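Text of query_25.txt (compact mmCIF, C-alpha atoms and all ligand atoms) as supplied:
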# COMPACT_ATOMS: atom_id res chain seq x y z
CA MET A 7 -28.37 3.86 -18.24
CA THR A 8 -26.83 0.75 -19.74
CA ASN A 9 -29.13 -2.03 -20.84
CA ARG A 10 -28.50 -5.73 -20.18
CA SER A 11 -26.64 -6.39 -23.40
CA ASP A 12 -24.36 -3.42 -22.79
CA LYS A 13 -23.67 -4.72 -19.27
CA LYS A 14 -22.74 -8.10 -20.72
CA LYS A 15 -20.49 -6.49 -23.31
CA GLU A 16 -18.85 -4.39 -20.61
CA GLY A 17 -18.22 -7.45 -18.44
CA LYS A 18 -16.60 -9.28 -21.35
CA ILE A 19 -14.31 -6.37 -22.18
CA ILE A 20 -13.27 -6.02 -18.55
CA GLN A 21 -12.49 -9.74 -18.37
CA LYS A 22 -10.46 -9.49 -21.57
CA LEU A 23 -8.47 -6.55 -20.19
CA LYS A 24 -7.83 -8.47 -16.98
CA GLN A 25 -6.26 -11.26 -19.01
CA TYR A 26 -3.84 -8.77 -20.53
CA GLN A 27 -3.19 -7.21 -17.14
CA LYS A 28 -2.25 -10.60 -15.70
CA LYS A 29 0.86 -10.49 -17.90
CA ASP A 30 2.01 -7.27 -16.20
CA PHE A 31 4.22 -6.98 -13.18
CA SER A 32 2.60 -4.78 -10.55
CA PHE A 33 3.89 -2.28 -8.03
CA SER A 34 1.32 -3.52 -5.53
CA SER A 35 2.92 -7.00 -5.53
CA GLY A 36 6.16 -5.38 -4.34
CA HIS A 37 8.03 -7.35 -7.01
CA ILE A 38 8.97 -4.36 -9.17
CA LEU A 39 12.21 -3.44 -7.49
CA GLY A 40 14.04 -1.41 -10.13
CA SER A 41 11.59 1.25 -11.26
CA MET A 42 11.66 4.90 -10.20
CA CYS A 43 7.86 4.96 -10.31
CA SER A 44 5.74 3.59 -7.50
CA GLN A 45 2.40 2.26 -6.49
CA PRO A 46 0.41 5.48 -5.98
CA HIS A 47 -0.67 6.41 -2.47
CA PRO A 48 -4.18 4.99 -1.75
CA ILE A 49 -5.74 8.47 -1.81
CA ALA A 50 -4.30 9.08 -5.28
CA LYS A 51 -6.07 5.96 -6.53
CA LYS A 52 -9.36 7.10 -5.00
CA THR A 53 -9.25 10.63 -6.39
CA TYR A 54 -7.78 10.02 -9.86
CA ILE A 55 -10.97 8.54 -11.28
CA GLN A 56 -13.05 11.42 -9.88
CA PHE A 57 -11.17 13.87 -12.15
CA LEU A 58 -10.91 11.60 -15.18
CA GLU A 59 -12.61 14.03 -17.58
CA THR A 60 -10.75 17.18 -16.59
CA ASN A 61 -8.31 19.01 -18.87
CA ILE A 62 -5.89 21.54 -17.40
CA GLY A 63 -5.03 22.62 -20.93
CA ASP A 64 -8.43 24.34 -21.08
CA PRO A 65 -8.71 25.80 -17.57
CA GLY A 66 -11.77 27.97 -18.30
CA LEU A 67 -13.82 24.78 -18.37
CA PHE A 68 -12.34 23.45 -15.16
CA PRO A 69 -11.71 26.40 -12.80
CA GLY A 70 -11.97 24.12 -9.77
CA THR A 71 -9.28 21.79 -11.08
CA LYS A 72 -7.20 24.85 -11.94
CA GLU A 73 -7.41 25.90 -8.26
CA ILE A 74 -6.27 22.44 -7.23
CA GLU A 75 -3.34 22.74 -9.64
CA GLN A 76 -2.35 26.06 -8.01
CA LYS A 77 -2.53 24.54 -4.53
CA PHE A 78 -0.43 21.55 -5.57
CA LEU A 79 2.15 23.87 -7.11
CA SER A 80 2.21 26.04 -3.96
CA PHE A 81 3.12 22.99 -1.89
CA ILE A 82 6.08 22.33 -4.18
CA LEU A 83 7.16 25.98 -4.45
CA ASN A 84 7.13 26.13 -0.68
CA PHE A 85 9.44 23.18 -0.01
CA LEU A 86 11.73 24.33 -2.83
CA LYS A 87 11.99 27.76 -1.18
CA ALA A 88 10.94 29.42 -4.42
CA PRO A 89 10.92 33.24 -4.51
CA LYS A 90 7.68 35.24 -5.04
CA THR A 91 8.60 35.69 -8.71
CA ALA A 92 8.56 31.93 -9.29
CA SER A 93 5.96 29.78 -10.96
CA GLY A 94 5.32 26.10 -11.54
CA HIS A 95 4.19 24.39 -14.70
CA ILE A 96 2.66 20.91 -14.68
CA VAL A 97 4.34 18.52 -17.11
CA SER A 98 4.00 14.84 -17.85
CA GLY A 99 7.30 13.93 -16.23
CA GLY A 100 11.05 14.47 -16.17
CA THR A 101 11.47 14.30 -19.93
CA GLU A 102 8.97 17.06 -20.60
CA GLY A 103 10.35 19.07 -17.67
CA ASN A 104 13.85 18.97 -19.14
CA ILE A 105 12.65 19.71 -22.67
CA SER A 106 10.59 22.69 -21.48
CA SER A 107 13.44 24.12 -19.45
CA MET A 108 15.91 23.85 -22.33
CA TRP A 109 13.32 25.38 -24.65
CA ILE A 110 13.22 28.38 -22.28
CA ALA A 111 17.03 28.54 -21.98
CA LYS A 112 17.38 28.51 -25.76
CA GLN A 113 14.73 31.21 -26.18
CA LEU A 114 16.23 33.44 -23.47
CA THR A 115 19.85 33.14 -24.61
CA ASP A 116 19.61 32.39 -28.33
CA LYS A 117 22.44 29.91 -27.68
CA LYS A 118 22.67 26.22 -28.32
CA GLU A 119 25.14 24.41 -26.09
CA ILE A 120 24.16 22.47 -22.98
CA ILE A 121 26.84 21.52 -20.45
CA LEU A 122 25.79 18.43 -18.54
CA PRO A 123 27.27 15.52 -16.60
CA GLU A 124 27.91 12.17 -18.29
CA SER A 125 25.25 10.78 -15.96
CA ALA A 126 22.47 12.94 -17.47
CA HIS A 127 19.22 11.22 -18.39
CA PHE A 128 18.72 10.26 -22.04
CA SER A 129 15.97 12.87 -22.36
CA PHE A 130 18.77 15.34 -23.14
CA LYS A 131 19.54 13.36 -26.30
CA LYS A 132 15.95 14.03 -27.34
CA ILE A 133 16.47 17.72 -26.57
CA ALA A 134 19.60 17.85 -28.74
CA SER A 135 17.75 16.22 -31.61
CA LEU A 136 14.47 18.14 -31.26
CA MET A 137 15.94 21.59 -30.78
CA ASP A 138 19.19 21.23 -32.69
CA MET A 139 21.22 21.78 -29.52
CA LYS A 140 24.69 20.47 -28.74
CA LEU A 141 25.52 18.45 -25.62
CA LYS A 142 28.90 18.94 -23.93
CA SER A 143 29.43 16.11 -21.46
CA ILE A 144 31.43 16.59 -18.29
CA PRO A 145 33.13 13.49 -16.82
CA LEU A 146 32.18 12.13 -13.42
CA THR A 147 34.16 11.85 -10.20
CA PRO A 148 34.65 8.38 -8.64
CA LYS A 149 31.47 9.16 -6.64
CA HIS A 150 29.50 9.36 -9.90
CA THR A 151 28.88 13.10 -9.57
CA MET A 152 29.69 15.84 -12.08
CA ASP A 153 33.35 16.89 -11.92
CA VAL A 154 32.77 20.61 -11.30
CA SER A 155 36.43 21.46 -11.87
CA GLN A 156 35.80 20.83 -15.58
CA ILE A 157 32.79 23.12 -16.01
CA LYS A 158 34.39 26.56 -16.44
CA GLN A 159 36.72 25.50 -19.24
CA ASN A 160 33.70 24.17 -21.15
CA ILE A 161 31.66 27.38 -20.97
CA SER A 162 31.69 29.18 -24.31
CA ASP A 163 29.94 32.06 -26.10
CA ASP A 164 27.33 29.53 -27.17
CA THR A 165 26.49 28.07 -23.71
CA ALA A 166 22.71 28.11 -23.24
CA ALA A 167 22.55 26.19 -19.96
CA ILE A 168 24.30 24.02 -17.42
CA ILE A 169 22.57 20.96 -15.97
CA GLY A 170 23.04 19.45 -12.53
CA ILE A 171 21.36 16.20 -11.52
CA ALA A 172 19.76 15.74 -8.11
CA GLY A 173 19.37 11.98 -8.00
CA THR A 174 20.94 10.36 -11.06
CA THR A 175 19.12 7.67 -12.98
CA ASP A 176 21.89 5.09 -12.59
CA VAL A 177 22.97 5.38 -8.96
CA GLY A 178 20.92 8.19 -7.36
CA ALA A 179 23.98 10.45 -6.97
CA ILE A 180 23.54 14.17 -6.29
CA ASP A 181 25.75 16.57 -8.23
CA PRO A 182 27.37 19.39 -6.21
CA ILE A 183 24.45 21.72 -6.89
CA PRO A 184 25.70 24.57 -4.60
CA GLU A 185 29.08 24.69 -6.38
CA ILE A 186 27.45 24.61 -9.82
CA SER A 187 25.08 27.37 -8.69
CA GLU A 188 28.08 29.53 -7.78
CA ILE A 189 29.71 28.96 -11.16
CA CYS A 190 26.44 29.81 -12.95
CA THR A 191 26.05 33.00 -10.90
CA ASP A 192 29.63 34.08 -11.67
CA GLU A 193 29.38 33.21 -15.36
CA HIS A 194 25.75 34.37 -15.84
CA VAL A 195 24.69 31.01 -17.23
CA PHE A 196 21.18 29.50 -16.98
CA PHE A 197 21.22 26.64 -14.45
CA HIS A 198 18.64 23.85 -14.61
CA VAL A 199 18.47 21.19 -11.90
CA ASP A 200 17.11 17.86 -13.05
CA ALA A 201 15.56 16.66 -9.81
CA ALA A 202 13.10 14.33 -11.52
CA PHE A 203 13.98 11.64 -9.02
CA GLY A 204 15.49 13.51 -6.07
CA GLY A 205 13.15 16.52 -5.97
CA PHE A 206 10.62 14.88 -3.68
CA ILE A 207 13.13 13.25 -1.33
CA ILE A 208 16.25 15.42 -0.93
CA PRO A 209 14.49 18.53 0.52
CA PHE A 210 12.65 16.41 3.12
CA LEU A 211 15.81 14.53 4.14
CA ASN A 212 17.64 17.84 4.47
CA GLN A 213 14.84 19.17 6.68
CA LEU A 214 15.51 16.14 8.89
CA GLY A 215 19.18 17.02 9.16
CA TYR A 216 20.67 14.68 6.53
CA ASP A 217 23.89 16.05 5.10
CA LEU A 218 22.90 16.24 1.42
CA PRO A 219 23.59 19.10 -1.00
CA THR A 220 20.99 21.86 -1.06
CA ILE A 221 19.01 21.67 -4.29
CA ASP A 222 16.48 24.48 -3.84
CA PHE A 223 16.03 28.14 -4.79
CA SER A 224 17.91 29.36 -1.71
CA LEU A 225 20.85 28.90 -4.12
CA PRO A 226 20.84 32.09 -6.19
CA GLY A 227 22.24 30.48 -9.34
CA ILE A 228 19.37 28.05 -9.92
CA ASN A 229 16.94 29.11 -12.67
CA SER A 230 14.72 26.05 -12.94
CA ILE A 231 14.09 22.75 -11.20
CA SER A 232 12.23 19.80 -12.64
CA LEU A 233 10.80 17.22 -10.20
CA ASP A 234 8.40 14.34 -10.59
CA ALA A 235 5.58 13.58 -8.21
CA HIS A 236 5.11 10.29 -10.06
CA LYS A 237 8.54 9.24 -8.82
CA MET A 238 9.29 10.03 -5.15
CA GLY A 239 6.10 12.08 -4.68
CA TYR A 240 4.06 8.86 -4.22
CA ALA A 241 1.56 10.15 -6.80
CA ALA A 242 0.12 8.63 -9.97
CA ILE A 243 1.57 8.74 -13.51
CA PRO A 244 1.86 11.20 -15.30
CA LEU A 245 2.83 14.01 -12.95
CA GLY A 246 5.91 16.16 -13.15
CA THR A 247 6.55 19.82 -12.40
CA LEU A 248 8.88 22.38 -13.87
CA VAL A 249 9.50 25.22 -11.43
CA LEU A 250 10.83 28.46 -12.90
CA LYS A 251 12.50 31.14 -10.83
CA ASP A 252 10.80 33.82 -12.94
CA GLU A 253 7.19 33.35 -13.99
CA SER A 254 7.66 35.59 -17.04
CA TRP A 255 9.87 32.92 -18.66
CA LEU A 256 6.73 30.92 -19.35
CA GLN A 257 5.99 33.53 -22.04
CA GLU A 258 9.05 32.21 -23.89
CA ILE A 259 7.29 28.89 -24.42
CA SER A 260 3.77 30.25 -24.95
CA VAL A 261 1.84 30.66 -28.17
CA ASN A 262 -1.44 32.36 -29.01
CA SER A 263 -4.19 29.78 -28.73
CA GLN A 264 -7.58 29.70 -30.35
CA CYS A 265 -10.71 27.67 -29.58
CA ILE A 266 -9.85 27.23 -25.90
CA SER A 267 -10.55 29.29 -22.82
CA THR A 268 -7.17 31.02 -22.65
CA LYS A 269 -5.61 33.41 -25.16
CA LYS A 270 -2.18 31.88 -24.73
CA GLN A 271 -1.04 28.38 -23.95
CA ALA A 272 2.33 27.59 -22.39
CA GLY A 273 4.39 24.47 -22.83
CA ILE A 274 4.58 21.51 -25.12
CA LEU A 275 1.27 19.74 -24.63
CA GLY A 276 -2.22 20.97 -25.39
CA THR A 277 -4.79 18.79 -23.69
CA ARG A 278 -3.39 17.73 -20.34
CA PRO A 279 -4.99 15.45 -17.75
CA GLY A 280 -6.27 17.04 -14.53
CA ALA A 281 -6.70 13.65 -12.86
CA PRO A 282 -3.03 13.10 -11.89
CA VAL A 283 -2.85 16.70 -10.65
CA ALA A 284 -5.91 16.29 -8.40
CA ALA A 285 -4.59 12.93 -7.20
CA GLY A 286 -1.13 14.43 -6.57
CA TYR A 287 -2.67 17.27 -4.61
CA ALA A 288 -4.66 14.76 -2.55
CA VAL A 289 -1.41 12.99 -1.64
CA THR A 290 0.28 16.24 -0.59
CA GLU A 291 -2.78 17.16 1.49
CA PHE A 292 -2.83 13.75 3.11
CA LEU A 293 0.90 13.52 3.88
CA GLN A 294 1.75 17.20 4.35
CA ASN A 295 5.37 18.13 4.94
CA LYS A 296 5.64 15.96 8.08
CA GLY A 297 4.23 12.92 6.30
CA TYR A 298 6.78 13.22 3.49
CA GLN A 299 9.55 13.54 6.08
CA ARG A 300 8.43 10.35 7.83
CA LEU A 301 8.03 8.49 4.55
CA MET A 302 11.49 9.45 3.30
CA GLN A 303 13.13 8.59 6.61
CA ASN A 304 11.49 5.18 6.53
CA ILE A 305 12.61 4.65 2.94
CA MET A 306 16.20 5.47 3.89
CA GLN A 307 16.04 2.97 6.76
CA ILE A 308 14.80 0.24 4.43
CA THR A 309 17.54 1.23 1.97
CA GLU A 310 20.19 0.74 4.68
CA TYR A 311 18.64 -2.61 5.59
CA THR A 312 18.67 -3.73 1.94
CA ILE A 313 22.30 -2.61 1.45
CA GLN A 314 23.32 -4.70 4.47
CA LYS A 315 21.46 -7.77 3.19
CA ILE A 316 22.93 -7.47 -0.31
CA THR A 317 26.52 -6.89 0.78
CA ASN A 318 26.19 -9.73 3.33
CA LEU A 319 25.55 -12.04 0.39
CA GLY A 320 28.99 -11.07 -0.90
CA LEU A 321 27.79 -8.78 -3.70
CA GLU A 322 29.42 -5.40 -4.39
CA LEU A 323 27.80 -2.03 -5.03
CA VAL A 324 28.86 0.34 -7.81
CA THR A 325 29.07 3.14 -5.25
CA LYS A 326 27.87 3.86 -1.73
CA PRO A 327 24.24 5.00 -2.15
CA THR A 328 23.41 8.60 -1.25
CA LEU A 329 19.68 8.12 -1.73
CA ASN A 330 17.37 5.11 -2.03
CA VAL A 331 18.99 3.76 -5.21
CA ILE A 332 21.16 0.65 -4.84
CA THR A 333 23.21 -0.32 -7.87
CA VAL A 334 24.76 -3.79 -7.68
CA LYS A 335 27.82 -4.68 -9.75
CA VAL A 336 27.79 -8.20 -11.21
CA ASN A 337 29.60 -10.27 -13.81
CA HIS A 338 26.61 -12.27 -15.02
CA LEU A 339 24.23 -9.38 -15.61
CA ASP A 340 21.86 -10.79 -18.23
CA GLU A 341 21.58 -14.18 -16.54
CA ILE A 342 20.78 -12.57 -13.20
CA ILE A 343 18.17 -10.20 -14.64
CA ASN A 344 16.51 -12.98 -16.63
CA THR A 345 16.52 -15.52 -13.82
CA LEU A 346 15.12 -13.00 -11.34
CA ALA A 347 12.36 -12.21 -13.85
CA GLN A 348 11.56 -15.92 -14.16
CA TYR A 349 11.20 -16.01 -10.37
CA GLY A 350 8.82 -13.03 -10.64
CA TRP A 351 11.14 -10.14 -9.65
CA LYS A 352 12.03 -7.14 -11.79
CA VAL A 353 15.23 -5.19 -11.28
CA ASN A 354 16.56 -2.67 -13.84
CA LYS A 355 19.59 -3.32 -15.98
CA ILE A 356 22.36 -0.74 -16.21
CA ASP A 357 24.51 -2.15 -18.98
CA HIS A 358 27.30 0.41 -19.03
CA LEU A 359 27.99 -0.19 -15.33
CA SER A 360 27.51 -3.98 -15.62
CA SER A 361 25.00 -3.68 -12.83
CA PHE A 362 21.38 -3.86 -11.82
CA ARG A 363 19.42 -1.20 -9.98
CA ILE A 364 17.10 -1.53 -7.01
CA VAL A 365 15.08 1.51 -5.96
CA ILE A 366 13.40 1.50 -2.57
CA MET A 367 10.09 3.13 -3.42
CA PRO A 368 7.28 3.79 -0.91
CA GLN A 369 5.62 0.39 -1.38
CA ILE A 370 8.82 -1.57 -0.65
CA THR A 371 8.85 -2.89 2.91
CA LYS A 372 11.33 -4.94 4.97
CA PRO A 373 9.22 -8.13 4.55
CA ILE A 374 9.42 -7.66 0.76
CA ILE A 375 13.22 -7.37 0.99
CA ASP A 376 13.27 -10.46 3.24
CA GLU A 377 11.33 -12.31 0.56
CA PHE A 378 13.63 -11.06 -2.22
CA ILE A 379 17.07 -11.69 -0.70
CA PRO A 380 16.87 -15.54 -0.68
CA VAL A 381 15.71 -15.41 -4.33
CA LEU A 382 18.64 -13.16 -5.22
CA LYS A 383 21.03 -15.51 -3.40
CA LYS A 384 19.64 -18.57 -5.18
CA THR A 385 19.81 -16.75 -8.54
CA CYS A 386 23.42 -15.66 -8.02
CA LYS A 387 24.41 -19.24 -7.07
CA GLU A 388 22.62 -20.70 -10.08
CA VAL A 389 24.36 -18.42 -12.57
CA GLY A 390 27.78 -18.73 -10.90
CA GLU A 391 27.93 -15.16 -9.53
CA LEU A 392 28.39 -16.39 -5.97
C1 LIG B 401 17.19 12.12 -13.56
C2 LIG B 401 16.04 11.85 -14.48
N1 LIG B 401 15.59 12.82 -15.31
C3 LIG B 401 14.56 12.64 -16.13
C4 LIG B 401 13.90 11.44 -16.18
C5 LIG B 401 12.76 11.25 -17.14
O1 LIG B 401 11.55 11.14 -16.46
P1 LIG B 401 10.23 10.62 -17.20
O2 LIG B 401 10.50 9.19 -17.58
O3 LIG B 401 9.19 10.78 -16.17
O4 LIG B 401 10.00 11.46 -18.39
C6 LIG B 401 14.32 10.38 -15.35
C7 LIG B 401 13.65 9.09 -15.39
O5 LIG B 401 13.99 8.16 -14.71
C8 LIG B 401 15.41 10.59 -14.48
O6 LIG B 401 15.88 9.62 -13.68

Please go through the file and, once you have read it, give me the structure as structure tokens.
Amino acid sequence: MTNRSDKKKEGKIIQKLKQYQKKDFSFSSGHILGSMCSQPHPIAKKTYIQFLETNIGDPGLFPGTKEIEQKFLSFILNFLKAPKTASGHIVSGGTEGNISSMWIAKQLTDKKEIILPESAHFSFKKIASLMDMKLKSIPLTPKHTMDVSQIKQNISDDTAAIIGIAGTTDVGAIDPIPEISEICTDEHVFFHVDAAFGGFIIPFLNQLGYDLPTIDFSLPGINSISLDAHKMGYAAIPLGTLVLKDESWLQEISVNSQCISTKKQAGILGTRPGAPVAAGYAVTEFLQNKGYQRLMQNIMQITEYTIQKITNLGLELVTKPTLNVITVKVNHLDEIINTLAQYGWKVNKIDHLSSFRIVIMPQITKPIIDEFIPVLKKTCKEVGEL
């Protein structure tokens, strides 16, 4: 029980925090347009707090939360068509998913080179530095996908893994995952799919009949897939998953552990929050497969609508979007980004493409786009872009 002075103290602290929070942009306002994270689904918000004290790094203390984790992973394994031998490992996000996968590839092969597209996320630079690995970049096609014709000639005796991206950070492009899978099968090379962004949208769009590359374990060459529920999964930060085709590979990144309820602990982190896992599971239970299908279809419709509105203004896109990522090419990049921010809108800057990125996340509606477009037009006129 708190006494009156504690209550007063608490109130003051909360007020103080609110002052700081006022400086933040918020997903709920709809004005964050460039991030790959989203406002969590309402049920995620409700359930997160309920599991605040849980730790999936010490599952003996939280067997109930552990069961939730298994159920959440089953949902993912199912839509990724994972074989019976497969297993999922909860990670904090795409960076940890990629690091963990490359840790496994290095352990399994005792090799150090990673072949990856030029579009790969910067987390691979961390991998190279952390694990003393070498990155061999493959150029992109005009569609911003990995040029598969260049892969074979880059495979060497020291190739540990090949990376394909399902939903690139810059433009949301999908690498030709089936072709890369074939090469990896032929050449016996470990194949990791970085589906941090696309993992929770591409499978559902494909179920609906969209003509996108397959990115799941029905492709025999894929060894691991990393996908983030805190991106297109409509869940709360931090929640990513690394799915391994063979559960035994987790042993490669496990150490003996003392003073906790398990003899061995897998992965990079020790203490890990159960709250985002419980909240993520709640979202999957609420939406189910059909709900994700509907959500993704709606997102793609709003994406089409936004593309129309932007191109009608006379602006050009870097490439025709495959997913819900719209990358707009401009001459006055800094001025546009800064002016939009002054008007209360945040888009993401992609310097090397002289462009800004808009991502249609679940909280972005047509009325939000209708509110944004006149501001974008005014901004572009003010800075001399239009
Ligand atoms: C393709 C891709 N991989 C990995 C990541 C890293 O994810 P996180 O920031 O959750 O670690 C991102 C982030 O945007 C991404 O787009």

So which residues fall inside 10 Å of (17.0, -10.4, -5.8) if we count all atoms listed in the file? Mind giving them as a VMD selection string?
chain A and resid 37 39 316 342 to 343 345 to 347 349 to 353 362 364 375 to 386

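Picture a line from CA of Tyr287 (chain A) to CA of Ile243 (chain A); it runs 13.0 Å.
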
Under the rule of at most 6 Å, produce a per-residue listing of chain A near ligand LIG 401 (chain B): chain, number, name, the closest pair of atoms, and the distance in Å, as JSON lines, using all atoms listed in the file.
{"residue": "A:Gly99", "atom": "CA", "partner": "B:LIG401", "partner_atom": "O3", "distance": 3.7}
{"residue": "A:Gly100", "atom": "CA", "partner": "B:LIG401", "partner_atom": "O1", "distance": 3.4}
{"residue": "A:Thr101", "atom": "CA", "partner": "B:LIG401", "partner_atom": "O4", "distance": 3.5}
{"residue": "A:His127", "atom": "CA", "partner": "B:LIG401", "partner_atom": "N1", "distance": 5.0}
{"residue": "A:Gly173", "atom": "CA", "partner": "B:LIG401", "partner_atom": "C1", "distance": 6.0}
{"residue": "A:Thr174", "atom": "CA", "partner": "B:LIG401", "partner_atom": "C1", "distance": 4.8}
{"residue": "A:Thr175", "atom": "CA", "partner": "B:LIG401", "partner_atom": "O6", "distance": 3.8}
{"residue": "A:Asp200", "atom": "CA", "partner": "B:LIG401", "partner_atom": "N1", "distance": 5.7}
{"residue": "A:Ala202", "atom": "CA", "partner": "B:LIG401", "partner_atom": "N1", "distance": 4.8}
{"residue": "A:Phe203", "atom": "CA", "partner": "B:LIG401", "partner_atom": "O6", "distance": 5.4}

Only C-alpha atoms, please: the residues just picked out, written as a PDB file, in the coordinates of the input.
ATOM      1  CA  GLY A  99       7.300  13.930 -16.230  1.00  0.00           C
ATOM      2  CA  GLY A 100      11.050  14.470 -16.170  1.00  0.00           C
ATOM      3  CA  THR A 101      11.470  14.300 -19.930  1.00  0.00           C
ATOM      4  CA  HIS A 127      19.220  11.220 -18.390  1.00  0.00           C
ATOM      5  CA  GLY A 173      19.370  11.980  -8.000  1.00  0.00           C
ATOM      6  CA  THR A 174      20.940  10.360 -11.060  1.00  0.00           C
ATOM      7  CA  THR A 175      19.120   7.670 -12.980  1.00  0.00           C
ATOM      8  CA  ASP A 200      17.110  17.860 -13.050  1.00  0.00           C
ATOM      9  CA  ALA A 202      13.100  14.330 -11.520  1.00  0.00           C
ATOM     10  CA  PHE A 203      13.980  11.640  -9.020  1.00  0.00           C
TER      11      PHE A 203
END

Go through region 281-338 of chain A residue by residue and, counting only C-alpha atoms, keep those with an atom at most 10 Å from region 60-83 of chain A; for each kept residue give the shortest atom pair and its distance in Å to one decimal, ordered by chain and increasing number, as CSV.
residue,atom,partner,partner_atom,distance
A:Ala281,CA,A:Thr60,CA,6.5
A:Pro282,CA,A:Glu75,CA,9.9
A:Val283,CA,A:Glu75,CA,6.1
A:Ala284,CA,A:Ile74,CA,6.3
A:Ala285,CA,A:Ile74,CA,9.7
A:Gly286,CA,A:Phe78,CA,7.2
A:Tyr287,CA,A:Phe78,CA,4.9
A:Ala288,CA,A:Phe78,CA,8.6
A:Val289,CA,A:Phe78,CA,9.5
A:Thr290,CA,A:Phe78,CA,7.3
A:Glu291,CA,A:Phe78,CA,8.6
A:Gln294,CA,A:Phe81,CA,8.6
A:Asn295,CA,A:Phe81,CA,8.7

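Shortest atom-to-atom contact with Gly103 (chain A) among A:Lys22, A:Lys355, A:His198, A:Lys87: A:His198, counting all atoms listed in the file.
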
Of A:Leu323, A:Cys265, A:Ile274, A:Ile105, the one sitting nearest Ser135 (chain A) when using all atoms listed in the file is A:Ile105

| So which residues touch Ser106 (chain A) within 8 Å, counting only C-alpha atoms, skipping near sequence neighbours fewer than 3 positions away, as JSON, numbers by chain? | {"A": [102, 103, 109, 110, 248, 259, 273, 274]}

Legend entry - Nearest to Val195 (chain A), chosen from A:Leu218, A:Ala241, A:Leu114, A:Ala126, with only C-alpha atoms counted in the distances: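 Closest residue, counting only C-alpha atoms: A:Leu114.
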
A straight line from CA of Val324 (chain A) to CA of Leu211 (chain A) spans 22.7 Å

Exercise. Which residue gives the smallest distance to Asn229 (chain A) among A:Gln159, A:Asn337, A:Ser187, A:Gln271, with all atoms listed in the file counted?
Worked result: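 Residue with the minimum atom-to-atom distance to Asn229 (chain A): A:Ser187.
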